[in-house]
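*Asks:* What follows is the file model_8.txt, containing compact mmCIF, C-alpha atoms:
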```
# COMPACT_ATOMS: atom_id res chain seq x y z
CA MET A 1 139.04 107.47 101.07
CA ALA A 2 136.53 104.71 101.75
CA ASN A 3 135.62 106.41 105.00
CA PHE A 4 134.98 109.73 103.24
CA LEU A 5 132.76 107.99 100.71
CA VAL A 6 130.73 106.39 103.52
CA TRP A 7 130.21 109.79 105.12
CA VAL A 8 129.04 111.25 101.82
CA VAL A 9 126.56 108.40 101.30
CA TRP A 10 125.40 108.67 104.91
CA PHE A 11 124.72 112.39 104.68
CA GLY A 12 122.92 111.99 101.38
CA ALA A 13 120.72 109.22 102.75
CA ALA A 14 120.06 111.04 106.04
CA PHE A 15 119.12 114.25 104.25
CA ALA A 16 116.82 112.39 101.83
CA CYS A 17 115.29 110.56 104.77
CA LEU A 18 114.49 113.71 106.79
CA ALA A 19 113.35 115.72 103.79
CA SER A 20 110.97 113.01 102.62
CA ALA A 21 109.63 112.53 106.16
CA LEU A 22 108.85 116.25 106.30
CA ALA A 23 107.27 115.97 102.85
CA VAL A 24 105.01 113.15 104.07
CA VAL A 25 103.76 115.36 106.87
CA GLY A 26 103.56 118.50 104.75
CA PHE A 27 101.86 117.46 101.50
CA SER A 28 98.13 118.03 101.50
CA ASN A 29 97.49 115.37 98.86
CA PRO A 30 97.81 111.89 100.42
CA PHE A 31 99.01 110.44 97.11
CA TYR A 32 102.11 112.66 97.17
CA SER A 33 102.61 111.81 100.84
CA ALA A 34 102.66 108.09 100.04
CA LEU A 35 105.15 108.68 97.21
CA ALA A 36 107.37 110.66 99.59
CA LEU A 37 107.20 107.81 102.09
CA ILE A 38 108.57 105.46 99.42
CA GLY A 39 111.60 107.76 99.16
CA ASN A 40 111.92 107.76 102.93
CA LEU A 41 111.90 103.96 103.07
CA ALA A 42 114.43 103.66 100.25
CA SER A 43 116.89 106.04 101.92
CA LEU A 44 116.44 104.14 105.19
CA ALA A 45 117.35 100.96 103.31
CA VAL A 46 120.60 102.67 102.28
CA LEU A 47 121.33 103.42 105.95
CA PHE A 48 120.59 99.79 106.84
CA LEU A 49 123.12 98.70 104.23
CA LEU A 50 125.74 101.00 105.79
CA LEU A 51 125.02 99.26 109.11
CA SER A 52 125.60 95.87 107.38
CA GLY A 53 121.97 94.85 107.71
CA GLU A 54 121.74 93.44 104.22
CA PHE A 55 118.77 91.19 104.72
CA VAL A 56 116.80 93.86 106.56
CA ALA A 57 117.53 96.36 103.79
CA ALA A 58 116.26 93.92 101.18
CA GLY A 59 113.17 93.21 103.28
CA GLN A 60 112.61 96.93 103.74
CA VAL A 61 112.56 97.54 100.00
CA LEU A 62 110.46 94.45 99.22
CA VAL A 63 107.94 94.48 102.05
CA TYR A 64 107.66 98.17 102.84
CA GLY A 65 108.57 99.98 99.66
CA GLY A 66 106.88 97.30 97.57
CA ALA A 67 103.93 95.58 99.15
CA VAL A 68 102.78 97.98 101.87
CA MET A 69 103.13 101.11 99.78
CA VAL A 70 101.36 99.57 96.79
CA MET A 71 98.47 98.77 99.12
CA PHE A 72 98.49 102.37 100.37
CA LEU A 73 98.50 103.76 96.85
CA PHE A 74 95.64 101.46 95.81
CA VAL A 75 93.50 102.59 98.75
CA ILE A 76 94.29 106.26 98.14
CA ALA A 77 93.42 105.89 94.46
CA TYR A 78 90.24 103.98 95.35
CA LEU A 79 89.01 106.57 97.81
CA GLY A 80 89.97 109.51 95.65
CA ASP A 81 90.59 112.95 97.04
CA ARG A 82 87.73 113.54 99.41
CA THR A 83 89.35 115.74 102.01
CA ASP A 84 90.13 119.35 101.33
CA GLU A 85 92.41 119.56 104.29
CA SER A 86 95.62 121.49 103.90
CA PRO A 87 97.34 121.76 107.22
CA TRP A 88 99.27 124.95 106.68
CA SER A 89 96.60 127.19 105.21
CA GLY A 90 94.41 129.60 107.10
CA GLY A 91 96.96 130.31 109.80
CA PRO A 92 98.03 127.96 112.58
CA THR A 93 95.35 126.69 114.89
CA TRP A 94 95.99 126.14 118.58
CA GLN A 95 96.04 122.42 117.84
CA ALA A 96 98.85 122.73 115.30
CA VAL A 97 100.88 125.00 117.58
CA GLY A 98 100.46 122.56 120.45
CA ALA A 99 101.47 119.65 118.24
CA VAL A 100 104.63 121.42 117.08
CA LEU A 101 105.51 122.22 120.69
CA ALA A 102 104.88 118.62 121.73
CA GLY A 103 107.01 117.32 118.85
CA ALA A 104 109.86 119.65 119.80
CA ALA A 105 109.55 118.58 123.44
CA LEU A 106 109.74 114.94 122.37
CA LEU A 107 112.88 115.63 120.33
CA ALA A 108 114.56 117.50 123.19
CA GLU A 109 113.60 114.74 125.60
CA VAL A 110 115.15 112.03 123.43
CA CYS A 111 118.34 114.03 122.92
CA VAL A 112 118.73 114.77 126.64
CA VAL A 113 118.11 111.17 127.63
CA VAL A 114 120.58 109.88 125.05
CA GLY A 115 123.18 112.44 126.13
CA LEU A 116 122.77 111.60 129.81
CA LYS A 117 122.38 107.86 129.74
CA ALA A 118 124.35 106.74 126.72
CA GLY A 119 127.33 109.09 126.89
CA GLY A 120 129.38 106.69 128.97
CA PHE A 121 128.94 103.33 127.38
CA LEU A 122 128.73 104.09 123.70
CA GLU A 123 131.94 102.17 123.16
CA LYS A 124 133.63 101.59 119.88
CA PRO A 125 131.56 99.34 117.62
CA ALA A 126 132.32 95.66 117.74
CA HIS A 127 134.24 94.13 114.90
CA VAL A 128 132.00 91.97 112.78
CA GLY A 129 132.81 89.55 110.02
CA ARG A 130 131.36 89.34 106.56
CA PRO A 131 128.34 87.08 107.31
CA PHE A 132 126.93 89.66 109.77
CA GLY A 133 123.41 90.49 108.67
CA SER A 134 123.43 88.13 105.71
CA PRO A 135 120.27 86.14 104.92
CA GLU A 136 122.02 82.97 105.99
CA SER A 137 122.89 84.06 109.50
CA ILE A 138 119.57 85.87 110.02
CA GLY A 139 117.71 82.76 108.92
CA ARG A 140 119.75 80.56 111.21
CA LEU A 141 119.07 82.89 114.15
CA PHE A 142 115.37 82.96 113.33
CA LEU A 143 115.10 79.18 113.38
CA THR A 144 117.22 78.61 116.48
CA ASP A 145 117.29 81.37 119.12
CA HIS A 146 114.23 83.32 118.00
CA LEU A 147 111.92 80.56 116.87
CA LEU A 148 109.14 81.77 119.20
CA ALA A 149 109.29 85.29 117.74
CA PHE A 150 109.11 83.78 114.26
CA GLU A 151 105.98 81.75 115.09
CA VAL A 152 104.31 84.65 116.94
CA THR A 153 104.97 86.88 113.91
CA SER A 154 103.23 84.38 111.65
CA ILE A 155 100.20 84.31 113.97
CA VAL A 156 100.10 88.13 114.06
CA LEU A 157 100.10 88.23 110.27
CA LEU A 158 97.34 85.60 110.11
CA VAL A 159 95.18 87.53 112.58
CA ALA A 160 95.72 90.73 110.61
CA ALA A 161 94.68 89.01 107.37
CA VAL A 162 91.53 87.67 109.03
CA GLY A 163 90.84 91.13 110.44
CA GLY A 164 91.16 92.70 107.01
CA VAL A 165 88.72 90.19 105.51
CA VAL A 166 86.23 90.71 108.36
CA LEU A 167 86.37 94.50 108.04
CA GLY A 168 85.87 94.28 104.28
CA SER A 169 82.93 91.87 104.48
CA HIS A 170 81.19 93.95 107.18
CA ALA A 171 81.35 97.01 105.00
CA ARG A 172 79.84 95.09 102.08
CA GLN A 173 76.97 93.68 104.17
CA GLU A 174 76.09 97.11 105.50
CA LEU A 175 76.17 98.58 102.04
CA GLU A 176 73.74 95.88 100.82
CA SER A 177 71.40 96.26 103.80
CA ASP A 178 71.44 100.04 103.35
CA ALA A 179 70.55 99.69 99.68
CA ARG A 180 67.73 97.17 100.14
CA PRO A 181 64.92 99.18 101.85
CA MET B 1 132.47 100.40 111.14
CA HIS B 2 133.43 103.08 108.65
CA GLY B 3 131.65 106.37 108.70
CA PRO B 4 129.43 107.88 111.39
CA ASP B 5 129.34 106.76 115.00
CA ILE B 6 126.23 105.60 116.78
CA GLN B 7 125.39 109.12 118.06
CA TRP B 8 124.65 110.29 114.53
CA TYR B 9 122.19 107.48 114.04
CA VAL B 10 120.52 108.22 117.38
CA ILE B 11 120.07 111.88 116.48
CA LEU B 12 118.72 111.01 113.03
CA ALA B 13 116.28 108.51 114.55
CA ALA B 14 115.11 111.09 117.11
CA LEU B 15 114.50 113.63 114.34
CA LEU B 16 112.59 111.07 112.28
CA PHE B 17 110.51 109.96 115.24
CA SER B 18 109.52 113.50 116.17
CA THR B 19 108.64 114.24 112.55
CA GLY B 20 106.33 111.24 112.55
CA ALA B 21 104.82 112.19 115.91
CA LEU B 22 104.24 115.72 114.59
CA GLY B 23 102.40 114.27 111.60
CA VAL B 24 100.20 112.13 113.82
CA MET B 25 99.30 115.15 115.94
CA VAL B 26 98.87 117.80 113.25
CA ARG B 27 97.20 115.98 110.38
CA ARG B 28 93.53 115.06 110.33
CA ASN B 29 93.44 112.69 107.36
CA PRO B 30 93.63 109.11 108.73
CA LEU B 31 95.64 107.98 105.69
CA ILE B 32 98.41 110.46 106.46
CA ILE B 33 98.26 109.57 110.15
CA LEU B 34 98.96 105.94 109.16
CA LEU B 35 101.88 107.09 106.98
CA SER B 36 103.29 109.08 109.91
CA VAL B 37 103.03 106.05 112.17
CA GLU B 38 105.11 104.20 109.59
CA ILE B 39 107.79 106.90 109.89
CA MET B 40 107.83 106.46 113.67
CA LEU B 41 108.15 102.68 113.37
CA ASN B 42 111.00 103.11 110.91
CA ALA B 43 112.86 105.43 113.26
CA ALA B 44 112.69 102.67 115.88
CA ASN B 45 113.90 100.16 113.27
CA LEU B 46 116.89 102.35 112.45
CA LEU B 47 117.88 102.46 116.11
CA LEU B 48 117.48 98.71 116.51
CA ILE B 49 119.75 98.03 113.57
CA ALA B 50 122.30 100.68 114.60
CA PHE B 51 122.62 99.16 118.07
CA ALA B 52 122.74 95.66 116.64
CA ARG B 53 125.75 96.81 114.62
CA LEU B 54 127.30 98.50 117.67
CA HIS B 55 127.16 95.38 119.79
CA GLY B 56 127.97 93.02 116.95
CA ARG B 57 124.89 90.88 117.56
CA GLU B 58 122.12 90.23 115.07
CA ASP B 59 119.24 90.02 117.53
CA GLY B 60 118.38 93.66 116.88
CA GLN B 61 117.88 92.88 113.21
CA ILE B 62 115.49 90.05 114.16
CA PHE B 63 113.53 92.59 116.19
CA ALA B 64 113.50 94.97 113.23
CA ILE B 65 112.03 92.28 110.98
CA SER B 66 109.34 91.56 113.58
CA VAL B 67 108.55 95.29 113.72
CA MET B 68 108.13 95.25 109.93
CA ALA B 69 105.63 92.38 110.20
CA VAL B 70 103.69 94.23 112.90
CA ALA B 71 103.68 97.37 110.75
CA ALA B 72 102.31 95.40 107.80
CA SER B 73 99.50 94.00 109.99
CA GLU B 74 98.72 97.46 111.32
CA VAL B 75 98.48 98.81 107.78
CA VAL B 76 96.10 95.99 106.75
CA VAL B 77 93.70 96.66 109.63
CA GLY B 78 94.00 100.45 109.41
CA LEU B 79 93.40 100.54 105.67
CA GLY B 80 90.48 98.13 106.10
CA MET B 81 88.87 100.54 108.51
CA ILE B 82 89.54 103.50 106.22
CA VAL B 83 88.02 101.66 103.24
CA ALA B 84 84.98 100.77 105.38
CA MET B 85 84.64 104.44 106.27
CA GLY B 86 85.01 105.44 102.65
CA ARG B 87 82.29 103.03 101.54
CA ARG B 88 79.81 104.59 103.93
CA ASN B 89 80.72 108.03 102.56
CA VAL B 90 82.02 109.26 105.88
CA GLU B 91 84.29 112.24 105.54
CA LEU B 92 87.88 111.20 106.19
CA ASP B 93 88.68 113.54 109.05
CA VAL B 94 89.60 112.20 112.46
CA ASP B 95 88.27 115.32 114.18
CA LYS B 96 84.79 114.69 112.77
CA LEU B 97 84.68 110.97 113.59
CA ARG B 98 83.17 111.20 117.02
CA THR B 99 81.40 107.83 117.14
CA LEU B 100 82.75 104.52 115.95
CA ARG B 101 79.75 102.24 116.24
CA GLY B 102 79.64 98.94 114.34
```
Here is the file; what I need is its structure written in the form of structure tokens.
*Replies:*
Amino acid sequence: MANFLVWVVWFGAAFACLASALAVVGFSNPFYSALALIGNLASLAVLFLLLSGEFVAAGQVLVYGGAVMVMFLFVIAYLGDRTDESPWSGGPTWQAVGAVLAGAALLAEVCVVVGLKAGGFLEKPAHVGRPFGSPESIGRLFLTDHLLAFEVTSIVLLVAAVGGVVLGSHARQELESDARP
Amino acid sequence: MHGPDIQWYVILAALLFSTGALGVMVRRNPLIILLSVEIMLNAANLLLIAFARLHGREDGQIFAISVMAVAASEVVVGLGMIVAMGRRNVELDVDKLRTLRG
């Protein structure tokens, strides 16, 4: 019974995930695309929970669904709707046809490689205890085995913050120097 | 592990990744290209966590958290560039952005 329930939840989350990913690509209004991406991230968090990645699921909802998407929505609202692009109107261009073909080729490639290489050693999943994926064990791993990755991540975030400030201040200076003469 | 085996997760991640790649190739609005890149990164995250569960080790989850941090940095820089473009009243269309000077 529990197994059946897990399958139901998995299929629901997987369907929501794929449908919202297609919606992100398909909507012509970027605001709706960003809202669809929030649904995509939430259903991925459900899948992470099924894989007993509790801390990652919480981080997904907080960092991605919260912080990153709010930033996206702010920028989209700030810029307004200034593109009248709708990808599926006016018939397919050669570029769109080529992109669909390339995407299909990528999908087939991944499936073939997985079927060939991973067919043999996809053994039964290991048995894991309750603390697997809990904040406690992830935190311990971060501060022991993966301390370097932790520090490098903090430097990457710092550099990105500095980059954001520099990009913003450049734009302001140019705007002022354009307005002066 | 109750429920689906690893193959299901691999297929789902492949579908998600190709959807994101399709968005990057088809769309011309840089905002939606950034959103599609997020979908691709999340497909990779799903695989990392699925294989972490398969092998019973948490290192894959550490990788997934690092990927999240990198994605956040990428969004900060990408949105900064898009806002800079928007302030100069450049049309947001990657096919029409032929020069990226200063």
*Asks:* Find the residues in chain A near chain B: any atom within 6 Å counts, using only C-alpha atoms. Write them as a list in words.
*Replies:*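 Here is what falls inside 6 Å: Asn3, Val6, Trp7, Val25, Ala96, Ala99, Gly103, Leu107, Pro125, Ala126, Val128, Leu157, Ala160, Gly164, Leu167 and Ala171 of chain A.
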*Asks:* Between CA of Gly133 in chain A and CA of Phe55 in chain A, what is the distance in Å, rounded to a tenth?
*Replies:*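 According to the coordinates, CA of Gly133 in chain A and CA of Phe55 in chain A are separated by 6.1 Å.
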*Asks:* When you look at Leu73 in chain A with a cut-off of 10 Å (counting all atoms listed in the file), what residues show up, excluding the ones that are within fewer than 6 positions of it in the same chain? I need them as a list in words.
*Replies:*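 Residues near the query, excluding close chain neighbours: Pro30, Phe31, Tyr32, Ser33, Ala34, Leu35 and Leu79 of chain A.
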*Asks:* So how many Å separate CA of Glu109 in chain A and CA of Leu37 in chain A, to one decimal?
*Replies:*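 So the answer is 25.3 Å.
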*Asks:* Record the distance separating CA of Arg130 in chain A and CA of Glu54 in chain A, expressed in Å with one decimal.
*Replies:*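 Result for CA of Arg130 in chain A versus CA of Glu54 in chain A: 10.7 Å, one decimal.
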*Asks:* Starting from the point (116.2, 102.5, 104.7), work out which residues of protein, DNA or RNA have an atom no more than 9 Å away when counting all atoms listed in the file; state them as a VMD selection string.
*Replies:* (chain A and resid 13 17 39 to 49 56 to 57 60 to 61) or (chain B and resid 42 46)
*Asks:* With N, CA and C atoms as the goal, would you fill in the gaps in range 37-72 of chain B and present it as a CSV table (one decimal), in the coordinates of the input?
*Replies:*
```
chain,number,residue,atom,x,y,z
B,37,VAL,N,102.7,107.1,111.2
B,37,VAL,CA,103.0,106.0,112.2
B,37,VAL,C,104.1,105.2,111.6
B,38,GLU,N,104.1,105.0,110.2
B,38,GLU,CA,105.1,104.2,109.6
B,38,GLU,C,106.5,104.9,109.8
B,39,ILE,N,106.5,106.2,109.7
B,39,ILE,CA,107.8,106.9,109.9
B,39,ILE,C,108.3,106.6,111.3
B,40,MET,N,107.4,106.7,112.3
B,40,MET,CA,107.8,106.5,113.7
B,40,MET,C,108.4,105.0,113.8
B,41,LEU,N,107.7,104.1,113.3
B,41,LEU,CA,108.2,102.7,113.4
B,41,LEU,C,109.5,102.5,112.7
B,42,ASN,N,109.7,103.2,111.6
B,42,ASN,CA,111.0,103.1,110.9
B,42,ASN,C,112.1,103.8,111.7
B,43,ALA,N,111.8,104.8,112.4
B,43,ALA,CA,112.9,105.4,113.3
B,43,ALA,C,113.3,104.4,114.3
B,44,ALA,N,112.3,103.7,114.9
B,44,ALA,CA,112.7,102.7,115.9
B,44,ALA,C,113.5,101.6,115.2
B,45,ASN,N,113.2,101.2,114.0
B,45,ASN,CA,113.9,100.2,113.3
B,45,ASN,C,115.3,100.6,113.1
B,46,LEU,N,115.5,101.9,112.7
B,46,LEU,CA,116.9,102.4,112.4
B,46,LEU,C,117.7,102.2,113.7
B,47,LEU,N,117.1,102.6,114.9
B,47,LEU,CA,117.9,102.5,116.1
B,47,LEU,C,118.2,101.0,116.4
B,48,LEU,N,117.2,100.1,116.2
B,48,LEU,CA,117.5,98.7,116.5
B,48,LEU,C,118.7,98.2,115.7
B,49,ILE,N,118.7,98.6,114.4
B,49,ILE,CA,119.8,98.0,113.6
B,49,ILE,C,121.1,98.7,113.9
B,50,ALA,N,121.1,100.0,114.2
B,50,ALA,CA,122.3,100.7,114.6
B,50,ALA,C,122.9,100.0,115.9
B,51,PHE,N,122.1,99.7,116.9
B,51,PHE,CA,122.6,99.2,118.1
B,51,PHE,C,123.0,97.7,117.9
B,52,ALA,N,122.3,97.0,117.0
B,52,ALA,CA,122.7,95.7,116.6
B,52,ALA,C,124.1,95.7,116.1
B,53,ARG,N,124.4,96.7,115.2
B,53,ARG,CA,125.8,96.8,114.6
B,53,ARG,C,126.8,97.2,115.7
B,54,LEU,N,126.4,98.0,116.6
B,54,LEU,CA,127.3,98.5,117.7
B,54,LEU,C,127.8,97.3,118.5
B,55,HIS,N,126.8,96.5,118.9
B,55,HIS,CA,127.2,95.4,119.8
B,55,HIS,C,127.6,94.1,119.0
B,56,GLY,N,127.5,94.2,117.7
B,56,GLY,CA,128.0,93.0,117.0
B,56,GLY,C,127.1,91.8,117.1
B,57,ARG,N,125.8,92.0,117.4
B,57,ARG,CA,124.9,90.9,117.6
B,57,ARG,C,123.7,91.1,116.6
B,58,GLU,N,123.2,90.0,116.1
B,58,GLU,CA,122.1,90.2,115.1
B,58,GLU,C,120.7,90.2,115.6
B,59,ASP,N,120.6,90.1,116.9
B,59,ASP,CA,119.2,90.0,117.5
B,59,ASP,C,118.4,91.3,117.2
B,60,GLY,N,119.1,92.4,117.2
B,60,GLY,CA,118.4,93.7,116.9
B,60,GLY,C,117.8,93.6,115.5
B,61,GLN,N,118.4,93.0,114.6
B,61,GLN,CA,117.9,92.9,113.2
B,61,GLN,C,116.7,92.0,113.2
B,62,ILE,N,116.7,90.9,114.0
B,62,ILE,CA,115.5,90.0,114.2
B,62,ILE,C,114.3,90.9,114.7
B,63,PHE,N,114.6,91.7,115.7
B,63,PHE,CA,113.5,92.6,116.2
B,63,PHE,C,113.0,93.5,115.1
B,64,ALA,N,113.9,94.0,114.3
B,64,ALA,CA,113.5,95.0,113.2
B,64,ALA,C,112.6,94.3,112.2
B,65,ILE,N,112.9,93.0,111.9
B,65,ILE,CA,112.0,92.3,111.0
B,65,ILE,C,110.7,92.0,111.6
B,66,SER,N,110.6,91.7,112.9
B,66,SER,CA,109.3,91.6,113.6
B,66,SER,C,108.5,92.8,113.6
B,67,VAL,N,109.2,94.0,113.8
B,67,VAL,CA,108.6,95.3,113.7
B,67,VAL,C,107.9,95.5,112.3
B,68,MET,N,108.7,95.1,111.3
B,68,MET,CA,108.1,95.2,109.9
B,68,MET,C,106.8,94.4,109.8
B,69,ALA,N,106.8,93.2,110.3
B,69,ALA,CA,105.6,92.4,110.2
B,69,ALA,C,104.5,93.0,110.9
B,70,VAL,N,104.8,93.6,112.1
B,70,VAL,CA,103.7,94.2,112.9
B,70,VAL,C,103.2,95.4,112.1
B,71,ALA,N,104.1,96.2,111.5
B,71,ALA,CA,103.7,97.4,110.8
B,71,ALA,C,102.8,97.0,109.6
B,72,ALA,N,103.1,95.9,108.9
B,72,ALA,CA,102.3,95.4,107.8
B,72,ALA,C,100.9,95.0,108.3
```
